[in-house]
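Peer 1: My structure is stored as coords-v6.pdb, with PDB, C-alpha atoms.
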```pdb
ATOM      1  CA  MET A 249     112.623 140.698  18.077
ATOM      2  CA  LEU A 250     113.962 143.943  19.477
ATOM      3  CA  ALA A 251     116.526 143.757  22.241
ATOM      4  CA  GLN A 252     115.595 145.074  25.679
ATOM      5  CA  ASN A 253     118.417 146.559  27.745
ATOM      6  CA  SER A 254     117.929 147.826  31.287
ATOM      7  CA  THR A 255     121.433 148.411  32.637
ATOM      8  CA  ILE A 256     122.075 152.113  33.209
ATOM      9  CA  ARG A 257     125.486 153.549  34.014
ATOM     10  CA  SER A 258     125.880 156.964  35.623
ATOM     11  CA  LEU A 259     129.053 158.851  34.681
ATOM     12  CA  PHE A 260     130.653 162.205  33.989
ATOM     13  CA  LEU A 261     132.264 163.275  30.725
ATOM     14  CA  GLU A 262     135.221 165.643  30.768
ATOM     15  CA  GLY A 263     133.928 168.548  28.698
ATOM     16  CA  PRO A 264     135.553 171.829  27.672
ATOM     17  CA  ALA A 265     133.592 173.752  30.327
ATOM     18  CA  GLY A 266     133.898 171.083  33.028
ATOM     19  CA  ARG A 267     132.290 167.777  33.823
ATOM     20  CA  LEU A 268     129.086 166.807  32.029
ATOM     21  CA  GLU A 269     126.581 164.622  33.852
ATOM     22  CA  ALA A 270     125.601 161.595  31.746
ATOM     23  CA  LEU A 271     123.672 158.331  31.705
ATOM     24  CA  LEU A 272     124.504 155.392  29.475
ATOM     25  CA  ASN A 273     121.906 152.777  28.679
ATOM     26  CA  ALA A 274     123.850 149.604  27.930
ATOM     27  CA  GLY A 275     123.670 147.955  24.551
ATOM     28  CA  ALA A 276     124.003 144.426  23.272
ATOM     29  CA  GLU A 277     127.398 142.715  23.115
ATOM     30  CA  ASN A 278     127.136 142.615  19.325
ATOM     31  CA  ALA A 279     125.876 146.191  18.972
ATOM     32  CA  ALA A 280     126.289 147.578  15.461
ATOM     33  CA  TYR A 281     126.020 151.262  16.433
ATOM     34  CA  ALA A 282     126.262 153.545  19.451
ATOM     35  CA  ALA A 283     124.028 156.596  19.854
ATOM     36  CA  VAL A 284     123.699 159.891  21.660
ATOM     37  CA  VAL A 285     120.467 161.788  22.426
ATOM     38  CA  CYS A 286     120.528 165.506  23.290
ATOM     39  CA  HIS A 287     117.958 167.285  25.446
ATOM     40  CA  PRO A 288     115.872 170.457  24.906
ATOM     41  CA  HIS A 289     116.662 173.948  26.113
ATOM     42  CA  PRO A 290     118.098 173.934  29.653
ATOM     43  CA  LEU A 291     116.819 177.416  30.460
ATOM     44  CA  PHE A 292     113.300 176.076  29.947
ATOM     45  CA  GLY A 293     113.727 172.997  32.115
ATOM     46  CA  GLY A 294     115.297 170.701  29.553
ATOM     47  CA  THR A 295     117.492 167.888  30.916
ATOM     48  CA  LEU A 296     118.514 164.366  29.983
ATOM     49  CA  HIS A 297     115.435 163.150  31.871
ATOM     50  CA  ASN A 298     113.017 164.815  29.429
ATOM     51  CA  LYS A 299     110.260 162.402  28.303
ATOM     52  CA  VAL A 300     110.904 162.909  24.586
ATOM     53  CA  VAL A 301     114.614 162.287  25.129
ATOM     54  CA  PHE A 302     113.800 159.162  27.151
ATOM     55  CA  HIS A 303     111.517 157.692  24.499
ATOM     56  CA  THR A 304     114.001 158.497  21.750
ATOM     57  CA  MET A 305     116.671 156.712  23.779
ATOM     58  CA  LYS A 306     114.389 153.701  24.237
ATOM     59  CA  ALA A 307     113.751 153.517  20.493
ATOM     60  CA  LEU A 308     117.481 153.408  19.727
ATOM     61  CA  ASN A 309     118.312 151.127  22.648
ATOM     62  CA  SER A 310     115.694 148.629  21.465
ATOM     63  CA  PHE A 311     118.039 147.692  18.626
ATOM     64  CA  GLY A 312     120.821 146.900  21.074
ATOM     65  CA  PHE A 313     122.618 150.227  20.594
ATOM     66  CA  PRO A 314     124.291 151.652  23.703
ATOM     67  CA  VAL A 315     122.745 155.105  24.107
ATOM     68  CA  LEU A 316     124.289 158.080  25.898
ATOM     69  CA  ARG A 317     122.275 160.965  27.304
ATOM     70  CA  PHE A 318     124.006 163.909  28.952
ATOM     71  CA  ASN A 319     123.209 167.282  30.451
ATOM     72  CA  PHE A 320     124.513 170.299  28.594
ATOM     73  CA  ARG A 321     126.810 172.665  30.492
ATOM     74  CA  GLY A 322     125.000 174.327  33.370
ATOM     75  CA  ALA A 323     122.128 171.803  33.415
ATOM     76  CA  GLY A 324     121.603 169.283  36.216
ATOM     77  CA  LEU A 325     124.959 168.349  37.713
ATOM     78  CA  SER A 326     126.936 169.483  34.664
ATOM     79  CA  GLN A 327     129.492 172.191  35.275
ATOM     80  CA  GLY A 328     129.820 175.443  33.347
ATOM     81  CA  GLU A 329     127.234 177.977  32.253
ATOM     82  CA  HIS A 330     124.666 177.992  29.471
ATOM     83  CA  ASP A 331     126.285 179.380  26.305
ATOM     84  CA  HIS A 332     123.243 180.032  24.081
ATOM     85  CA  GLY A 333     123.958 177.097  21.780
ATOM     86  CA  ASN A 334     127.577 177.955  21.025
ATOM     87  CA  GLY A 335     129.655 176.058  23.586
ATOM     88  CA  GLU A 336     126.958 173.388  23.635
ATOM     89  CA  VAL A 337     128.150 172.261  20.199
ATOM     90  CA  GLU A 338     131.435 171.359  21.884
ATOM     91  CA  ASP A 339     129.508 169.448  24.541
ATOM     92  CA  VAL A 340     128.013 167.300  21.784
ATOM     93  CA  ARG A 341     131.465 166.712  20.311
ATOM     94  CA  THR A 342     132.625 165.631  23.761
ATOM     95  CA  ALA A 343     129.820 163.054  23.871
ATOM     96  CA  LEU A 344     130.624 161.786  20.368
ATOM     97  CA  ASP A 345     134.316 161.502  21.259
ATOM     98  CA  TRP A 346     133.478 159.528  24.402
ATOM     99  CA  LEU A 347     131.202 157.126  22.530
ATOM    100  CA  ASP A 348     133.828 156.592  19.848
ATOM    101  CA  ALA A 349     136.561 155.887  22.393
ATOM    102  CA  GLU A 350     134.328 153.630  24.488
ATOM    103  CA  PHE A 351     132.737 151.489  21.778
ATOM    104  CA  HIS A 352     134.627 152.004  18.485
ATOM    105  CA  LEU A 353     131.328 151.770  16.614
ATOM    106  CA  PRO A 354     129.666 153.944  13.962
ATOM    107  CA  LEU A 355     127.478 156.547  15.645
ATOM    108  CA  VAL A 356     123.883 157.725  15.428
ATOM    109  CA  PHE A 357     122.897 161.211  16.590
ATOM    110  CA  ALA A 358     119.477 162.217  17.902
ATOM    111  CA  GLY A 359     118.323 165.420  19.535
ATOM    112  CA  PHE A 360     115.117 167.104  20.613
ATOM    113  CA  SER A 361     114.360 170.790  19.990
ATOM    114  CA  PHE A 362     117.395 172.811  21.189
ATOM    115  CA  GLY A 363     119.293 169.524  21.399
ATOM    116  CA  ALA A 364     118.588 168.832  17.738
ATOM    117  CA  ALA A 365     119.439 172.323  16.533
ATOM    118  CA  VAL A 366     122.717 172.389  18.462
ATOM    119  CA  GLY A 367     123.638 168.766  18.021
ATOM    120  CA  LEU A 368     123.163 168.616  14.270
ATOM    121  CA  ARG A 369     125.868 171.271  13.936
ATOM    122  CA  ALA A 370     128.308 168.840  15.526
ATOM    123  CA  ALA A 371     126.951 165.609  14.083
ATOM    124  CA  CYS A 372     126.550 166.399  10.394
ATOM    125  CA  PRO A 373     130.226 167.227   9.672
ATOM    126  CA  ASP A 374     131.465 164.325  11.850
ATOM    127  CA  ALA A 375     132.502 161.350   9.703
ATOM    128  CA  ARG A 376     131.831 158.984  12.610
ATOM    129  CA  VAL A 377     128.116 159.840  12.619
ATOM    130  CA  MET A 378     126.275 157.691  10.096
ATOM    131  CA  ALA A 379     122.732 159.024  10.575
ATOM    132  CA  SER A 380     120.897 161.814  12.394
ATOM    133  CA  ILE A 381     117.458 162.224  13.932
ATOM    134  CA  GLY A 382     115.975 165.636  14.670
ATOM    135  CA  VAL A 383     112.871 165.611  16.871
ATOM    136  CA  GLY A 384     110.750 168.730  17.240
ATOM    137  CA  ILE A 385     113.190 170.965  15.419
ATOM    138  CA  PRO A 386     112.319 174.678  15.736
ATOM    139  CA  ALA A 387     111.792 175.966  12.201
ATOM    140  CA  ILE A 388     110.215 179.357  12.863
ATOM    141  CA  PRO A 389     112.215 182.542  12.313
ATOM    142  CA  VAL A 390     114.866 182.999  14.967
ATOM    143  CA  ALA A 391     113.578 186.371  16.113
ATOM    144  CA  ALA A 392     110.134 184.899  16.802
ATOM    145  CA  HIS A 393     111.425 182.193  19.084
ATOM    146  CA  ALA A 394     111.921 183.031  22.745
ATOM    147  CA  GLU A 395     114.404 180.268  23.477
ATOM    148  CA  ALA A 396     117.638 181.582  21.994
ATOM    149  CA  PRO A 397     118.930 183.811  19.223
ATOM    150  CA  ARG A 398     121.628 182.524  16.853
ATOM    151  CA  THR A 399     120.922 178.925  17.815
ATOM    152  CA  TYR A 400     118.429 177.671  15.259
ATOM    153  CA  ALA A 401     120.302 177.865  12.000
ATOM    154  CA  PHE A 402     120.514 174.692   9.964
ATOM    155  CA  ASP A 403     123.291 175.659   7.570
ATOM    156  CA  SER A 404     125.247 172.579   8.605
ATOM    157  CA  LEU A 405     122.586 170.438   6.951
ATOM    158  CA  SER A 406     122.933 172.017   3.511
ATOM    159  CA  ASP A 407     125.576 169.508   2.430
ATOM    160  CA  CYS A 408     124.683 166.656   4.800
ATOM    161  CA  VAL A 409     124.117 163.577   2.629
ATOM    162  CA  LYS A 410     123.759 161.159   5.531
ATOM    163  CA  PRO A 411     120.342 159.622   6.308
ATOM    164  CA  LYS A 412     118.232 162.176   8.177
ATOM    165  CA  LEU A 413     114.916 161.732   9.962
ATOM    166  CA  PHE A 414     112.865 164.657  11.199
ATOM    167  CA  VAL A 415     109.849 164.008  13.438
ATOM    168  CA  SER A 416     107.586 166.780  14.678
ATOM    169  CA  GLY A 417     104.105 167.202  16.034
ATOM    170  CA  ALA A 418     101.574 168.528  13.559
ATOM    171  CA  ARG A 419     100.488 170.991  16.276
ATOM    172  CA  ASP A 420     104.002 172.085  17.255
ATOM    173  CA  PRO A 421     103.950 175.916  17.470
ATOM    174  CA  TYR A 422     107.735 176.048  17.019
ATOM    175  CA  GLY A 423     107.630 173.968  13.850
ATOM    176  CA  PRO A 424     104.714 175.029  11.640
ATOM    177  CA  ARG A 425     104.067 172.514   8.860
ATOM    178  CA  ALA A 426     104.837 174.892   5.992
ATOM    179  CA  LYS A 427     108.094 176.050   7.575
ATOM    180  CA  LEU A 428     109.219 172.489   8.293
ATOM    181  CA  GLU A 429     108.339 171.290   4.815
ATOM    182  CA  ALA A 430     110.233 174.175   3.239
ATOM    183  CA  LEU A 431     113.293 173.546   5.421
ATOM    184  CA  ILE A 432     113.397 169.812   4.740
ATOM    185  CA  ALA A 433     112.771 170.352   1.015
ATOM    186  CA  SER A 434     115.939 172.469   0.889
ATOM    187  CA  LEU A 435     118.112 169.660   2.275
ATOM    188  CA  PRO A 436     119.921 166.978   0.283
ATOM    189  CA  GLU A 437     118.764 163.366   0.225
ATOM    190  CA  PRO A 438     118.409 161.003   1.970
ATOM    191  CA  LYS A 439     115.863 162.595   4.268
ATOM    192  CA  LYS A 440     112.414 162.013   5.691
ATOM    193  CA  LEU A 441     109.952 164.283   7.484
ATOM    194  CA  ILE A 442     107.163 162.727   9.535
ATOM    195  CA  LEU A 443     104.496 164.848  11.202
ATOM    196  CA  ILE A 444     102.539 163.100  13.950
ATOM    197  CA  GLU A 445      98.945 164.261  13.808
ATOM    198  CA  GLY A 446      97.553 165.713  17.024
ATOM    199  CA  ALA A 447     100.987 166.002  18.637
ATOM    200  CA  ASP A 448     102.347 169.217  20.146
ATOM    201  CA  HIS A 449     105.995 170.169  20.672
ATOM    202  CA  PHE A 450     106.387 167.714  23.557
ATOM    203  CA  PHE A 451     104.343 164.911  21.917
ATOM    204  CA  GLU A 452     101.967 164.899  24.865
ATOM    205  CA  GLY A 453      99.809 161.787  24.524
ATOM    206  CA  ARG A 454     101.748 160.773  21.400
ATOM    207  CA  LEU A 455     105.046 159.540  22.850
ATOM    208  CA  ARG A 456     104.370 155.961  21.831
ATOM    209  CA  GLU A 457     103.824 157.057  18.234
ATOM    210  CA  LEU A 458     107.053 159.035  18.363
ATOM    211  CA  ARG A 459     108.979 156.010  19.569
ATOM    212  CA  GLU A 460     107.415 153.690  16.982
ATOM    213  CA  THR A 461     108.147 156.208  14.221
ATOM    214  CA  ILE A 462     111.825 156.350  15.159
ATOM    215  CA  GLU A 463     112.035 152.559  15.463
ATOM    216  CA  ALA A 464     110.512 152.028  12.017
ATOM    217  CA  TRP A 465     112.952 154.445  10.381
ATOM    218  CA  VAL A 466     116.001 153.063  12.197
ATOM    219  CA  ARG A 467     115.008 149.536  11.200
ATOM    220  CA  GLN A 468     114.641 150.492   7.542
ATOM    221  CA  GLU A 469     117.397 153.053   7.048
ATOM    222  CA  ILE A 470     120.110 151.861   9.434
ATOM    223  CA  VAL A 471     119.671 148.275  10.616
ATOM    224  CA  GLN A 472     118.480 146.613   7.408
ATOM    225  CA  LYS A 473     120.835 148.551   5.153
ATOM    226  CA  SER A 474     123.840 147.673   7.304
ATOM    227  CA  SER A 475     122.996 143.965   7.514
ATOM    228  CA  PRO A 476     125.155 141.644   5.377
TER     229      PRO A 476
END
```
If you took the structure in this file and wrote it as structure tokens, what would it be?
Peer 2:
Amino acid sequence: MLAQNSTIRSLFLEGPAGRLEALLNAGAENAAYAAVVCHPHPLFGGTLHNKVVFHTMKALNSFGFPVLRFNFRGAGLSQGEHDHGNGEVEDVRTALDWLDAEFHLPLVFAGFSFGAAVGLRAACPDARVMASIGVGIPAIPVAAHAEAPRTYAFDSLSDCVKPKLFVSGARDPYGPRAKLEALIASLPEPKKLILIEGADHFFEGRLRELRETIEAWVRQEIVQKSSP
């Protein structure tokens, strides 16, 4: 039976560019992991309240993990200015540091779109992060993507041997199937790519499937493998 947690704490993290607005969904007293979920591109309306971010949070929180969402610099009530994916890596490190200090638990990273591309750069080299989830990762050539140059490189994954889940919509224009399959094929194990048929970049009408997909993978790759 999955745990259901409803307590939400509003807080600010002290980031390198100023305070970062955040929400923490409480976990179980015996939580085995803590998690962070990063939002899509702030210049295109992305915030911690994004529906994909919310459903990803709910999937992780269902296992009793405390889950932190935060707004990147310049988004919502967060201070600072958008830094095209560079300073945002430090924002993710700030969130990971806060979770580590608050809970002293192994960490799980998840991010959607821009949040995945930026966050994986911080999460993969971090020994505290045990597993990573990339939702709707943009795999098209950088020059063809309007969101941000220099942001969507996945070099940090080339030696990442932690469990990795990638979930995208089969109709996602920013993650064509062939490009995604080629990218994931180039990465070390363990890894899994799941394409949700009929889903677009924002999983419109397919959010439940997204959540169930994440829950199934977390149960198999994190919860069951860490049980005594």
Peer 1: Once the PyMOL selection byres ((chain A and resi 335) around 12) is applied to the coordinates I shared, what remains selected? I want it as a count of residues only.
Peer 2: 26
Peer 1: Any idea what the distance is between atom CA of Pro314 of chain A and atom CA of Gly384 of chain A?
Peer 2: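 That distance, rounded to one decimal, is 22.7 Å.
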Peer 1: Can you work out which one of A:His287, A:Leu261, A:Thr461, A:Ile381 has the shortest atom-to-atom distance to Ala349 of chain A, counting only C-alpha atoms?
Peer 2: A:Leu261
Peer 1: What is the atom CA of Lys439 of chain A-atom CA of Pro288 of chain A distance in Å, reported with one decimal?
Peer 2: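 Rounded to one decimal, the two atoms are 22.1 Å apart.
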Peer 1: Rounded to one decimal in Å, what is the spacing between atom CA of Leu291 of chain A and atom CA of Leu455 of chain A?
Peer 2: 22.7 Å
Peer 1: Around (110.0, 169.6, 20.3) in the file's frame, which residues reach within 12 Å when counting all atoms listed in the file? Return as number ranges by chain?
Peer 2: A: 286-289, 294, 298-301, 304, 359-365, 382-387, 395, 414-424, 443-444, 447-452, 455, 458
Peer 1: So that all listed atoms of segment 340-347 of chain A fit with 6 Å spare on each side, what axis-aligned box centre and edge lengths in Å, to one decimal, would you give as AutoDock Vina command-line options?
Peer 2:
```
--center_x 131.2 --center_y 162.2 --center_z 22.4 --size_x 18.3 --size_y 22.2 --size_z 16.1
```
Peer 1: Evaluate the PyMOL selection byres ((chain A and resi 309) around 9) against this structure - the residues, as a PyMOL selection string, please.
Peer 2: chain A and resi 250-253+273-276+282-283+304-308+310-315
Peer 1: Rank A:Phe302, A:Phe357, A:Phe351, A:Phe318 by their smallest atom-to-atom distance to Arg456 of chain A, using only C-alpha atoms, and report the top residue only.
Peer 2: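 Distance minimum relative to Arg456 of chain A lands on A:Phe302.
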Peer 1: Using all atoms listed in the file, which residues sit within 9 Å of Ser406 of chain A once same-chain residues fewer than 6 positions away are excluded, as a list in words?
Peer 2: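 Those residues are Ser434, Leu435 and Pro436 of chain A.
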Peer 1: Can you list, as a count of residues only, the residues that the PyMOL selection byres ((chain A and resi 257) around 6) selects here?
Peer 2: 4
Peer 1: Show which residues sit within 9 Å of segment 468-476 of chain A, as an mmCIF file with C-alpha atoms, keeping the file's coordinate frame. Count all atoms listed in the file, and ignore same-chain residues fewer than 5 positions away.
Peer 2:
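Once everything was written out, this is part.cif:
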```
data_model
loop_
_atom_site.group_PDB
_atom_site.id
_atom_site.type_symbol
_atom_site.label_atom_id
_atom_site.label_comp_id
_atom_site.auth_asym_id
_atom_site.auth_seq_id
_atom_site.Cartn_x
_atom_site.Cartn_y
_atom_site.Cartn_z
ATOM 1 C CA ALA A 280 126.289 147.578 15.461
ATOM 2 C CA PHE A 311 118.039 147.692 18.626
ATOM 3 C CA MET A 378 126.275 157.691 10.096
ATOM 4 C CA ALA A 379 122.732 159.024 10.575
ATOM 5 C CA PRO A 411 120.342 159.622 6.308
ATOM 6 C CA GLU A 463 112.035 152.559 15.463
#
```
Peer 1: Go through A:Tyr281, A:Cys372, A:Lys410, A:Thr295 one by one, measure the shortest atom-to-atom distance of each to Glu350 of chain A using all atoms listed in the file, and give the residue with the smallest value.
Peer 2: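 Comparing A:Tyr281, A:Cys372, A:Lys410, A:Thr295 against Glu350 of chain A, the winner is A:Tyr281.
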Peer 1: Hey, what's within 6 Å of Glu269 of chain A if we count only C-alpha atoms and toss same-chain stuff fewer than 2 positions away? As a PDB file with C-alpha atoms, in the frame of the given file, please?
Peer 2:
```pdb
ATOM      1  CA  PHE A 260     130.653 162.205  33.989  1.00  0.00           C
ATOM      2  CA  PHE A 318     124.006 163.909  28.952  1.00  0.00           C
ATOM      3  CA  ASN A 319     123.209 167.282  30.451  1.00  0.00           C
ATOM      4  CA  LEU A 325     124.959 168.349  37.713  1.00  0.00           C
ATOM      5  CA  SER A 326     126.936 169.483  34.664  1.00  0.00           C
TER       6      SER A 326
END
```
Peer 1: Of the candidates A:Leu347, A:Ala270, A:Ala401, A:Leu353, which shows the shortest atom-to-atom distance to Gln327 of chain A, using only C-alpha atoms?
Peer 2: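 Closest residue, counting only C-alpha atoms: A:Ala270.
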Peer 1: Could you tell me which of A:His303, A:Cys408, A:Glu437, A:Asp374 comes closest to Arg459 of chain A if we count all atoms listed in the file?
Peer 2: A:His303
